[in-house]
$ cat final-v3.cif   # mmCIF, C-alpha atoms
data_query
loop_
_atom_site.label_atom_id
_atom_site.label_comp_id
_atom_site.auth_asym_id
_atom_site.auth_seq_id
_atom_site.Cartn_x
_atom_site.Cartn_y
_atom_site.Cartn_z
CA MET M 1 60.57 22.68 33.88
CA LYS M 2 62.31 22.99 37.22
CA PRO M 3 63.65 26.45 38.35
CA LEU M 4 67.29 25.37 38.22
CA GLN M 5 66.88 24.03 34.71
CA SER M 6 65.09 27.22 33.63
CA LEU M 7 67.93 29.33 35.04
CA ILE M 8 70.54 27.29 33.19
CA VAL M 9 68.63 27.57 29.90
CA LEU M 10 68.23 31.34 30.38
CA LEU M 11 71.97 31.80 31.03
CA LEU M 12 72.82 29.77 27.94
CA ALA M 13 70.41 31.87 25.86
CA VAL M 14 71.99 35.11 27.13
CA ALA M 15 75.47 33.82 26.38
CA LEU M 16 74.47 32.76 22.90
CA GLY M 17 72.77 36.13 22.38
CA VAL M 18 75.95 38.05 23.35
CA VAL M 19 78.14 35.91 21.12
CA GLY M 20 75.63 36.20 18.28
CA ALA M 21 75.38 40.00 18.62
CA GLN M 22 79.17 40.37 18.40
CA TRP M 23 79.24 38.07 15.42
CA LEU M 24 76.41 39.89 13.69
CA GLY M 25 78.17 43.23 14.20
CA ALA M 26 81.15 42.13 12.15
CA ASN M 27 81.64 43.59 8.66
CA THR M 28 82.48 40.25 7.09
CA LEU M 29 78.89 38.96 7.14
CA SER M 30 78.23 40.19 3.65
CA GLN M 31 80.17 37.23 2.36
CA TYR M 32 77.26 34.99 3.40
CA GLY M 33 74.91 36.87 1.08
CA GLU M 34 72.62 39.85 1.16
CA VAL M 35 68.86 40.21 1.19
CA ILE M 36 67.18 43.12 -0.60
CA PHE M 37 63.58 43.92 0.32
CA ARG M 38 61.84 46.54 -1.83
CA TYR M 39 58.71 48.23 -0.59
CA GLY M 40 57.21 51.52 -1.77
CA GLY M 41 60.11 52.25 -4.05
CA THR M 42 62.59 51.92 -1.21
CA ASP M 43 65.18 49.11 -0.97
CA TYR M 44 66.08 47.64 2.36
CA ARG M 45 69.39 45.81 2.44
CA SER M 46 70.70 43.43 5.06
CA THR M 47 72.94 40.45 5.34
CA LEU M 48 71.46 36.97 5.28
CA PRO M 49 72.42 36.09 8.92
CA GLN M 50 70.80 39.30 10.17
CA VAL M 51 67.58 38.54 8.28
CA ALA M 52 67.54 34.98 9.63
CA LEU M 53 67.99 36.30 13.14
CA LEU M 54 65.22 38.83 12.63
CA VAL M 55 62.83 36.13 11.45
CA LEU M 56 63.75 33.95 14.43
CA VAL M 57 63.17 36.78 16.87
CA THR M 58 59.85 37.58 15.23
CA LEU M 59 58.68 33.99 15.52
CA LEU M 60 59.81 33.90 19.14
CA VAL M 61 57.89 37.08 19.92
CA LEU M 62 54.76 35.70 18.23
CA TRP M 63 55.08 32.47 20.19
CA LEU M 64 55.43 34.42 23.43
CA LEU M 65 52.35 36.46 22.58
CA TRP M 66 50.38 33.32 21.77
CA SER M 67 51.50 31.72 25.01
CA LEU M 68 50.41 34.76 26.98
CA ILE M 69 47.01 34.80 25.28
CA ALA M 70 46.44 31.06 25.65
CA SER M 71 47.80 30.75 29.20
CA PRO M 72 44.42 31.50 30.89
CA PHE M 73 42.71 28.84 28.77
CA ARG M 74 45.44 26.31 29.53
CA ALA M 75 45.19 27.13 33.21
CA TRP M 76 41.44 26.59 33.08
CA GLY M 77 41.90 23.28 31.30
CA ARG M 78 44.43 22.12 33.88
CA TYR M 79 42.03 23.15 36.62
CA ARG M 80 39.17 21.17 35.07
CA ARG M 81 41.38 18.10 34.61
CA LYS M 82 42.53 18.35 38.19
CA GLN M 83 38.94 18.64 39.38
CA GLY M 84 38.00 15.65 37.25
CA ARG M 85 40.78 13.57 38.83
CA VAL M 86 39.69 14.68 42.29
CA ARG M 87 36.06 13.74 41.58
CA LEU M 88 37.15 10.39 40.17
CA VAL M 89 39.24 9.56 43.23
CA ASP M 90 36.51 10.72 45.62
CA GLY M 91 33.96 8.71 43.65
CA LEU M 92 36.05 5.55 43.88
CA GLN M 93 36.40 6.04 47.62
CA ALA M 94 32.64 6.63 48.00
CA TYR M 95 31.94 3.51 45.91
CA GLU M 96 34.20 1.39 48.09
CA HIS M 97 32.44 2.71 51.20
CA GLY M 98 29.00 1.95 49.76
CA HIS M 99 27.78 5.55 49.25
CA TRP M 100 26.23 4.67 45.88
CA GLN M 101 24.37 7.93 45.17
CA ARG M 102 27.28 10.17 46.12
CA ALA M 103 29.67 8.04 44.08
CA GLU M 104 27.33 8.24 41.07
CA LYS M 105 27.24 12.05 41.21
CA LEU M 106 31.02 12.28 41.55
CA PHE M 107 31.57 9.92 38.61
CA ASP M 108 29.08 11.89 36.52
CA GLY M 109 31.05 15.08 37.24
CA ALA M 110 34.37 13.38 36.53
CA ALA M 111 33.06 12.23 33.13
CA GLN M 112 33.41 15.82 31.86
CA ASP M 113 37.14 15.19 31.62
CA GLN M 114 37.56 13.41 28.30
CA GLU M 115 40.66 11.56 29.45
CA VAL M 116 38.71 9.68 32.18
CA THR M 117 35.22 9.65 30.62
CA GLY M 118 35.18 5.90 30.04
CA VAL M 119 36.29 4.99 33.55
CA ALA M 120 33.94 7.51 35.17
CA LEU M 121 30.84 6.45 33.22
CA ALA M 122 31.49 2.75 33.76
CA ASN M 123 31.71 3.26 37.51
CA ALA M 124 28.68 5.56 37.44
CA ALA M 125 26.68 2.75 35.80
CA ARG M 126 27.87 0.32 38.48
CA SER M 127 26.89 2.75 41.21
CA ALA M 128 23.41 3.27 39.75
CA ARG M 129 22.95 -0.47 39.42
CA ALA M 130 24.11 -1.00 42.99
CA ARG M 131 21.39 1.30 44.32
CA GLY M 132 18.75 -0.40 42.13
CA ASP M 133 18.24 2.31 39.48
CA ASP M 134 18.46 0.35 36.23
CA THR M 135 17.15 3.27 34.17
CA ALA M 136 20.01 5.54 35.24
CA SER M 137 22.46 2.69 34.72
CA GLN M 138 21.28 2.22 31.12
CA THR M 139 21.60 5.97 30.53
CA TYR M 140 25.22 5.90 31.65
CA LEU M 141 25.84 2.86 29.47
CA GLN M 142 24.51 4.66 26.40
CA ARG M 143 26.85 7.57 27.08
CA LEU M 144 29.69 5.11 27.64
CA GLY M 145 29.05 3.51 24.25
CA ALA M 146 29.84 6.80 22.52
CA ALA M 147 33.00 7.33 24.56
CA ASP M 148 34.48 3.84 24.97
CA ALA M 149 32.88 0.88 23.19
CA THR M 150 35.30 -1.63 24.71
CA SER M 151 34.51 -0.63 28.28
CA LEU M 152 30.80 -0.79 27.47
CA ALA M 153 31.13 -4.33 26.10
CA LEU M 154 33.10 -5.52 29.13
CA LEU M 155 30.56 -4.04 31.52
CA ARG M 156 27.60 -5.51 29.64
CA ALA M 157 29.25 -8.93 29.52
CA GLU M 158 29.88 -8.77 33.26
CA GLN M 159 26.22 -7.89 33.92
CA LEU M 160 24.95 -10.64 31.59
CA LEU M 161 27.06 -13.24 33.35
CA ALA M 162 25.70 -12.04 36.69
CA VAL M 163 22.16 -12.89 35.52
CA ASP M 164 23.29 -16.19 33.95
CA LEU M 165 23.03 -15.21 30.26
CA PRO M 166 26.36 -16.52 28.92
CA VAL M 167 25.31 -16.71 25.26
CA ASP M 168 24.38 -13.02 25.21
CA ALA M 169 27.69 -12.21 26.88
CA ILE M 170 29.57 -14.12 24.16
CA ASN M 171 27.69 -12.28 21.41
CA THR M 172 28.50 -8.95 23.07
CA LEU M 173 32.21 -9.70 23.27
CA ASP M 174 32.41 -11.11 19.73
CA ALA M 175 31.61 -7.76 18.08
CA ALA M 176 34.05 -6.95 15.29
CA ASN M 177 34.93 -3.49 16.58
CA LEU M 178 36.19 -4.96 19.88
CA GLN M 179 38.81 -7.24 18.42
CA PRO M 180 41.35 -8.01 19.69
CA LEU M 181 39.85 -8.27 23.15
CA PRO M 182 41.77 -6.89 26.14
CA PRO M 183 42.91 -9.36 28.83
CA ARG M 184 39.78 -8.91 30.95
CA GLY M 185 37.63 -9.47 27.87
CA LEU M 186 39.41 -12.79 27.21
CA TRP M 187 38.77 -13.89 30.77
CA LEU M 188 35.07 -12.92 30.61
CA ARG M 189 34.67 -14.71 27.27
CA SER M 190 36.29 -17.87 28.66
CA GLU M 191 33.94 -17.83 31.64
CA ALA M 192 30.94 -17.28 29.35
CA LEU M 193 31.98 -20.14 27.07
CA ALA M 194 32.33 -22.48 30.04
CA ARG M 195 28.88 -21.57 31.35
CA ALA M 196 27.36 -21.99 27.89
CA GLY M 197 28.59 -25.57 27.62
CA ARG M 198 31.43 -24.78 25.21
CA ALA M 199 34.35 -25.52 27.48
CA HIS M 200 36.46 -26.91 24.63
CA GLU M 201 36.46 -23.43 23.03
CA ALA M 202 37.33 -21.80 26.34
CA TYR M 203 40.14 -24.31 26.76
CA GLY M 204 41.58 -23.11 23.45
CA GLN M 205 41.90 -19.56 24.85
CA LEU M 206 44.14 -20.59 27.75
CA GLY M 207 47.28 -19.72 25.76
CA ALA M 208 46.11 -16.13 25.24
CA LEU M 209 45.07 -15.88 28.89
CA ARG M 210 48.47 -17.13 29.99
CA GLN M 211 50.26 -14.56 27.83
CA SER M 212 48.06 -11.70 29.05
CA LYS M 213 48.72 -12.61 32.70
CA VAL M 214 45.23 -11.46 33.62
CA LEU M 215 45.05 -14.23 36.26
CA PRO M 216 47.62 -15.34 38.83
CA ALA M 217 49.46 -18.57 38.14
CA ASP M 218 47.50 -20.55 40.75
CA ALA M 219 44.14 -19.25 39.51
CA LEU M 220 45.08 -20.04 35.91
CA THR M 221 46.07 -23.59 36.87
CA THR M 222 42.74 -24.08 38.63
CA LEU M 223 40.87 -22.68 35.63
CA GLU M 224 42.77 -24.96 33.26
CA ALA M 225 41.86 -28.06 35.30
CA ARG M 226 38.21 -27.00 35.52
CA LEU M 227 37.93 -26.36 31.78
CA ALA M 228 39.70 -29.61 30.95
CA ALA M 229 37.30 -31.62 33.13
CA GLN M 230 34.25 -29.84 31.73
CA ALA M 231 35.43 -30.29 28.15
CA LEU M 232 35.73 -34.04 28.75
CA LEU M 233 32.23 -34.20 30.21
CA GLU M 234 30.87 -32.35 27.16
CA ALA M 235 32.31 -34.84 24.64
CA ALA M 236 29.50 -35.91 22.31
CA ASP M 237 30.88 -39.33 21.41
CA VAL M 238 33.80 -41.67 21.96
CA ASN M 239 35.92 -40.09 19.21
CA ALA M 240 35.48 -36.60 20.62
CA LEU M 241 36.29 -37.88 24.11
CA ALA M 242 39.46 -39.59 22.90
CA ALA M 243 40.58 -36.50 20.98
CA GLN M 244 39.99 -34.25 23.98
CA TRP M 245 41.87 -36.66 26.26
CA GLU M 246 44.82 -36.70 23.88
CA THR M 247 45.04 -32.89 23.92
CA THR M 248 44.93 -32.80 27.73
CA PRO M 249 48.42 -32.16 29.16
CA LYS M 250 50.06 -35.07 30.95
CA THR M 251 50.20 -33.08 34.16
CA LEU M 252 46.39 -32.92 34.19
CA ARG M 253 45.86 -36.59 33.40
CA ALA M 254 46.68 -37.38 37.03
CA ASP M 255 44.43 -34.64 38.41
CA PRO M 256 41.53 -36.29 40.31
CA ALA M 257 38.85 -33.99 38.90
CA VAL M 258 40.05 -34.40 35.29
CA VAL M 259 40.44 -38.19 35.52
CA SER M 260 37.05 -38.51 37.25
CA ALA M 261 35.42 -36.52 34.45
CA TYR M 262 37.07 -38.67 31.78
CA ALA M 263 36.12 -41.93 33.50
CA ALA M 264 32.53 -40.82 34.14
CA ARG M 265 32.02 -39.73 30.54
CA ALA M 266 33.66 -42.90 29.18
CA VAL M 267 31.36 -45.10 31.28
CA ALA M 268 28.36 -43.06 30.13
CA LEU M 269 29.41 -43.80 26.53
CA ASP M 270 29.83 -47.56 27.31
CA TRP M 271 33.60 -47.29 27.06
CA ASP M 272 34.52 -48.96 30.36
CA GLU M 273 37.99 -50.28 29.54
CA PRO M 274 39.69 -46.88 28.92
CA ALA M 275 38.00 -45.49 32.02
CA LEU M 276 39.46 -48.23 34.22
CA LEU M 277 42.90 -47.89 32.62
CA ALA M 278 42.93 -44.12 33.16
CA LEU M 279 41.98 -44.55 36.82
CA GLU M 280 44.62 -47.22 37.36
CA GLN M 281 47.37 -45.10 35.79
CA ALA M 282 46.35 -42.04 37.77
CA LEU M 283 46.28 -43.97 41.07
CA ASP M 284 49.69 -45.47 40.36
CA GLN M 285 51.10 -41.98 39.80
CA ARG M 286 49.35 -40.12 42.62
CA TRP M 287 47.08 -41.58 45.27
CA SER M 288 43.57 -40.13 45.60
CA ASP M 289 40.72 -41.37 47.79
CA GLU M 290 38.27 -39.80 45.36
CA LEU M 291 39.61 -41.80 42.43
CA VAL M 292 39.81 -45.13 44.25
CA GLU M 293 36.21 -44.72 45.43
CA LEU M 294 35.16 -44.12 41.83
CA TYR M 295 37.27 -47.11 40.77
CA GLY M 296 35.23 -49.35 43.04
CA ALA M 297 31.89 -47.81 42.08
CA LEU M 298 32.17 -48.31 38.30
CA PRO M 299 29.83 -50.87 36.70
CA ALA M 300 30.79 -54.54 36.84
CA SER M 301 33.77 -54.98 34.53
CA ARG M 302 37.18 -56.61 35.05
CA LEU M 303 36.24 -57.41 38.64
CA ALA M 304 39.10 -59.85 39.20
CA THR M 305 41.69 -57.36 37.92
CA ARG M 306 40.19 -54.57 39.99
CA GLU M 307 40.22 -56.77 43.08
CA SER M 308 43.91 -57.60 42.61
CA ASN M 309 44.76 -53.91 42.10
CA LEU M 310 42.87 -52.95 45.25
CA VAL M 311 44.72 -55.63 47.23
CA ARG M 312 48.01 -54.33 45.86
CA TRP M 313 47.18 -50.72 46.76
CA ARG M 314 46.05 -51.75 50.23
CA ARG M 315 49.57 -52.88 51.06
CA VAL M 316 50.63 -49.24 50.74
CA HIS M 317 47.45 -47.41 51.75
CA ASP M 318 45.99 -49.70 54.37
CA GLY M 319 44.25 -46.94 56.33
CA SER M 320 42.31 -45.49 53.40
CA PRO M 321 38.53 -45.69 54.03
CA ALA M 322 37.83 -45.12 50.33
CA LEU M 323 40.01 -48.14 49.46
CA LEU M 324 38.10 -50.34 51.94
CA LEU M 325 34.83 -49.10 50.49
CA ALA M 326 36.02 -49.91 46.96
CA GLN M 327 37.03 -53.42 48.02
CA GLY M 328 33.64 -53.93 49.61
CA ARG M 329 31.82 -52.79 46.48
CA VAL M 330 33.89 -55.05 44.22
CA ALA M 331 33.26 -58.02 46.54
CA LEU M 332 29.55 -57.17 46.55
CA ALA M 333 29.54 -57.07 42.73
CA GLN M 334 31.14 -60.53 42.73
CA GLY M 335 28.36 -61.88 44.96
CA ARG M 336 30.57 -62.36 48.05
CA ASN M 337 28.16 -60.61 50.42
CA GLU M 338 29.62 -61.80 53.71
CA GLU M 339 33.16 -60.74 52.78
CA ALA M 340 31.81 -57.48 51.40
CA GLU M 341 30.02 -56.75 54.68
CA VAL M 342 33.20 -57.31 56.66
CA LEU M 343 35.07 -54.86 54.41
CA LEU M 344 32.24 -52.34 54.58
CA HIS M 345 32.19 -52.51 58.37
CA GLU M 346 35.93 -51.77 58.33
CA ALA M 347 35.33 -48.87 55.94
CA ILE M 348 32.65 -47.45 58.23
CA ALA M 349 34.96 -47.75 61.22
CA ALA M 350 37.66 -45.93 59.24
CA GLY M 351 35.28 -43.08 58.43
CA ALA M 352 33.98 -43.86 54.93
CA GLY M 353 30.68 -42.20 55.78
CA ALA M 354 27.29 -42.36 54.08
CA SER M 355 28.49 -44.19 50.96
CA ALA M 356 29.68 -47.17 53.02
CA TRP M 357 26.39 -47.28 54.95
CA GLU M 358 24.44 -47.32 51.67
CA ALA M 359 26.57 -50.14 50.26
CA LEU M 360 26.17 -52.13 53.49
CA GLY M 361 22.41 -51.58 53.38
CA ALA M 362 22.30 -52.85 49.80
CA SER M 363 24.19 -56.00 50.81
CA LEU M 364 21.91 -56.69 53.78
CA LEU M 365 18.83 -56.07 51.66
CA ALA M 366 20.07 -58.59 49.09
CA ARG M 367 20.31 -61.17 51.90
CA GLY M 368 16.82 -60.41 53.13
CA GLU M 369 17.87 -58.48 56.26
CA THR M 370 15.36 -55.70 55.67
CA THR M 371 15.40 -54.35 59.22
CA LEU M 372 19.18 -54.03 59.32
CA ALA M 373 19.18 -52.58 55.79
CA ALA M 374 16.70 -49.89 56.89
CA GLN M 375 18.96 -49.06 59.85
CA CYS M 376 21.94 -48.71 57.48
CA LEU M 377 20.04 -46.33 55.22
CA ALA M 378 18.98 -44.31 58.25
CA ASN M 379 22.61 -44.07 59.31
CA ALA M 380 23.51 -42.91 55.81
CA LEU M 381 21.02 -40.08 56.15
CA ARG M 382 22.44 -39.20 59.57
CA GLU M 383 25.95 -39.07 58.13
CA GLN M 384 24.80 -36.75 55.34
CA ARG M 385 23.22 -34.42 57.90
CA GLY M 386 26.39 -34.42 59.98
CA GLU M 387 24.90 -36.48 62.80
CA ASP M 388 26.41 -39.50 64.55
CA SER M 389 25.39 -42.94 63.37
CA ILE M 390 23.91 -45.50 65.75
CA ALA M 391 24.82 -49.14 66.22
CA LEU M 392 22.88 -51.76 64.32
CA VAL M 393 20.45 -53.78 66.43
CA ARG M 394 19.39 -57.16 65.12
CA PRO M 395 15.72 -57.77 65.92
CA GLU M 396 14.92 -60.70 68.23
CA PRO M 397 12.90 -63.53 66.69
CA ALA M 398 9.19 -63.23 67.41
CA VAL M 399 7.60 -65.88 69.76
CA VAL M 400 4.84 -67.71 67.95
CA VAL M 401 2.07 -69.17 70.20
CA ALA M 402 0.30 -72.20 68.74
CA PRO M 403 -3.50 -71.89 68.68
CA ARG M 404 -5.47 -74.12 71.13
CA ALA M 405 -7.79 -76.72 69.69
CA THR M 406 -10.63 -76.49 72.27
CA VAL M 407 -11.80 -74.16 74.91
CA GLU M 408 -11.30 -76.75 77.64
CA GLU M 409 -7.55 -76.85 77.05
CA GLN M 410 -7.23 -73.16 77.90
CA VAL M 411 -6.48 -72.16 81.47
CA MET M 412 -9.30 -70.00 82.77
CA ALA M 413 -8.48 -67.41 85.41
CA PRO M 414 -10.70 -67.58 88.52
CA VAL M 415 -13.47 -64.98 88.52
CA PRO M 416 -13.97 -63.31 91.90
CA PRO M 417 -17.50 -63.50 93.30
CA VAL M 418 -19.75 -60.48 92.97
CA TYR M 419 -21.65 -59.42 96.06
CA ASP M 420 -24.74 -57.29 96.30
CA ALA M 421 -24.12 -54.12 98.29
CA GLY M 422 -27.64 -54.38 99.78
CA GLU M 423 -27.02 -57.75 101.44
CA PRO M 424 -26.99 -57.85 105.27
CA ARG M 425 -23.44 -58.00 106.72
CA ASP M 426 -22.01 -58.78 110.14
CA ASP M 427 -19.81 -56.56 112.28
CA ASN M 428 -16.69 -57.54 110.26
CA GLY M 429 -18.23 -56.54 106.95
CA PHE M 430 -18.81 -60.04 105.62
CA PRO M 431 -22.21 -61.04 104.24
CA ARG M 432 -24.40 -62.85 106.68
CA VAL M 433 -24.97 -66.52 105.86
CA PRO M 434 -28.62 -67.39 106.06
#

$ encode --input "final-v3.cif" --output "structure tokens"
Amino acid sequence: MKPLQSLIVLLLAVALGVVGAQWLGANTLSQYGEVIFRYGGTDYRSTLPQVALLVLVTLLVLWLLWSLIASPFRAWGRYRRKQGRVRLVDGLQAYEHGHWQRAEKLFDGAAQDQEVTGVALANAARSARARGDDTASQTYLQRLGAADATSLALLRAEQLLAVDLPVDAINTLDAANLQPLPPRGLWLRSEALARAGRAHEAYGQLGALRQSKVLPADALTTLEARLAAQALLEAADVNALAAQWETTPKTLRADPAVVSAYAARAVALDWDEPALLALEQALDQRWSDELVELYGALPASRLATRESNLVRWRRVHDGSPALLLAQGRVALAQGRNEEAEVLLHEAIAAGAGASAWEALGASLLARGETTLAAQCLANALREQRGEDSIALVRPEPAVVVAPRATVEEQVMAPVPPVYDAGEPRDDNGFPRVP
């Protein structure tokens, strides 16, 4: 209590005491009743208000005595709590600075305060693990289990995810004594489910995650798109894929990653028609180079319709390299190699990259141009490594020389004469003629 408030309360108590003393001194109090206390053959008489006041004063005196006796213990407790808070704060600072051993000792000391035992032991375990002492970390975790089972489960789940053991993390968080999970537990369980290949279950927890506000809005939107795409890829059959697609929000059905996952899984299940329809609807709503490239790379199906759609989209997105690449692939699938090569050259010039070089190499290889096809594949590798591609060089036709029928038809080069060094020579160095 503040000094001013204490002074006001004291003045009010004095005023009430004065008024009460005057009132208790009046002779008319007997009308409220009398109290007779007999002890040792002697009767003690008093009015009821005086007895009530005496009892109140007695209780007040006892309370004051108890406060005086307990004040040293309370002061010691406050001192210990203050020291625990100081150690906890200093430990957090040491942990942030990377002084793992010092932080561990400070957290161990702060754990003596029961109000912060869970937080202190959890951070002590992290500090011990950071400096490579797994034995000490496990010791702190055992102590943490007796103090705060929820914090222990969250920490163990975090460590299990770090070593890629999502199933063990799920089993840890699914313990009955931890339910309902706190917001961070829901987020860890969703991440574990996604890593364990159970994204459809993690997708079902998005409502609870949204209500807990454990993640920012942007991060939650990204997580929702990732889980939706993964859940589509995990569909076991066509019925499961259709059911998962129906539960996907309409806002995500135009997301490139989600639509790509749906189309890829549908093609893998030999369900080409819905994959093409989903890509067409998504591209009509929101343009994406990633989706149009996938649209052109799907197996041969509805080639004429796909070609007309690509021509229609090119009127609006003429500069898209992915669109040119898709047109080239569709033309190649239709057997129009020369037209496909023209489109693929345009895609390469627009910056389509390694995929366009590979498609061009496949077209040239189909026409028997093995040398040019090898150059295209080499350029694809250069593009993947971040290097510049080189221009294609068509090899010159080899000159074939017809074999001669007889030796006489061949032109013989003159053979210079061989002279003996021991022959006599004239003054000019020429051999003497005999």

$ resolve_selection --input "final-v3.cif" --expression "the PyMOL selection byres ((chain M and resi 83) around 12)" --output "ChimeraX atom specification"
/M:76-82,84-91,106-107,109-113,116

$ residues_near_point --input "final-v3.cif" --point "(33.2, -11.7, 25.3)" --cutoff "12 Å" --atoms "all atoms listed in the file" --output "ChimeraX atom specification"
/M:150-161,165-176,178-194,202,205

$ resolve_selection --input "final-v3.cif" --expression "the PyMOL selection byres ((chain M and resi 121) around 8)" --output "VMD selection string"
chain M and resid 107 to 108 111 117 to 120 122 to 125 140 to 141 143 to 144

$ residues_around --input "final-v3.cif" --residues "Asp270 (chain M)" --least-positions-apart "3" --cutoff "12 Å" --atoms "only C-alpha atoms" --output "count of residues only"
15

$ closest_residue --input "final-v3.cif" --among "M:Trp100, M:Trp287, M:Tyr203, M:Trp271" --to "Gln244 (chain M)" --atoms "only C-alpha atoms"
M:Tyr203

$ atom_distance --input "final-v3.cif" --atom1 "CA of Pro216 (chain M)" --atom2 "CA of Lys250 (chain M)"
21.4 Å

$ residues_around --input "final-v3.cif" --residues "Glu34 (chain M)" --least-positions-apart "6" --cutoff "10 Å" --atoms "all atoms listed in the file" --output "list in words"
Arg45, Ser46, Thr47, Leu48, Pro49, Gln50 and Val51 of chain M

$ closest_residue --input "final-v3.cif" --among "M:Pro256, M:Pro321, M:Gly328, M:Gly351" --to "Glu290 (chain M)" --atoms "only C-alpha atoms"
M:Pro256

$ atom_distance --input "final-v3.cif" --atom1 "CA of Ala373 (chain M)" --atom2 "CA of Gly386 (chain M)"
20.0 Å

$ resolve_selection --input "final-v3.cif" --expression "the PyMOL selection byres ((chain M and resi 357-363) around 9)" --output "JSON, numbers by chain"
{"M": [325, 328, 329, 332, 337, 338, 340, 341, 344, 345, 348, 352, 353, 354, 355, 356, 364, 365, 366, 367, 368, 369, 370, 372, 373, 374, 375, 376, 377, 378, 379, 380, 383]}

$ atom_distance --input "final-v3.cif" --atom1 "CA of Ala199 (chain M)" --atom2 "CA of Leu227 (chain M)"
5.7 Å

$ axis_aligned_box --input "final-v3.cif" --around "region 138-153 of chain M" --padding-each-side "6 Å" --output "AutoDock Vina command-line options"
--center_x 28.3 --center_y 1.6 --center_z 27.1 --size_x 26.0 --size_y 23.9 --size_z 21.1

$ closest_residue --input "final-v3.cif" --among "M:Leu59, M:Ala322, M:Leu303, M:Val316" --to "Gly335 (chain M)" --atoms "all atoms listed in the file"
M:Leu303

$ residues_around --input "final-v3.cif" --residues "Arg129 (chain M)" --least-positions-apart "6" --cutoff "9 Å" --atoms "only C-alpha atoms" --output "PyMOL selection string"
chain M and resi 100+135-138

$ residues_near_point --input "final-v3.cif" --point "(30.9, 2.9, 45.1)" --cutoff "10 Å" --atoms "all atoms listed in the file" --output "PyMOL selection string"
chain M and resi 90-104+107+123-124+126-128+130-131

$ write_last_selection --input "final-v3.cif" --atoms "C-alpha atoms" --output "JSON list (two decimals), keeping the file's coordinate frame"
[["chain", "number", "residue", "atom", "x", "y", "z"],
["M", 90, "ASP", "CA", 36.51, 10.72, 45.62],
["M", 91, "GLY", "CA", 33.96, 8.71, 43.65],
["M", 92, "LEU", "CA", 36.05, 5.55, 43.88],
["M", 93, "GLN", "CA", 36.40, 6.04, 47.62],
["M", 94, "ALA", "CA", 32.64, 6.63, 48.00],
["M", 95, "TYR", "CA", 31.94, 3.51, 45.91],
["M", 96, "GLU", "CA", 34.20, 1.39, 48.09],
["M", 97, "HIS", "CA", 32.44, 2.71, 51.20],
["M", 98, "GLY", "CA", 29.00, 1.95, 49.76],
["M", 99, "HIS", "CA", 27.78, 5.55, 49.25],
["M", 100, "TRP", "CA", 26.23, 4.67, 45.88],
["M", 101, "GLN", "CA", 24.37, 7.93, 45.17],
["M", 102, "ARG", "CA", 27.28, 10.17, 46.12],
["M", 103, "ALA", "CA", 29.67, 8.04, 44.08],
["M", 104, "GLU", "CA", 27.33, 8.24, 41.07],
["M", 107, "PHE", "CA", 31.57, 9.92, 38.61],
["M", 123, "ASN", "CA", 31.71, 3.26, 37.51],
["M", 124, "ALA", "CA", 28.68, 5.56, 37.44],
["M", 126, "ARG", "CA", 27.87, 0.32, 38.48],
["M", 127, "SER", "CA", 26.89, 2.75, 41.21],
["M", 128, "ALA", "CA", 23.41, 3.27, 39.75],
["M", 130, "ALA", "CA", 24.11, -1.00, 42.99],
["M", 131, "ARG", "CA", 21.39, 1.30, 44.32]]
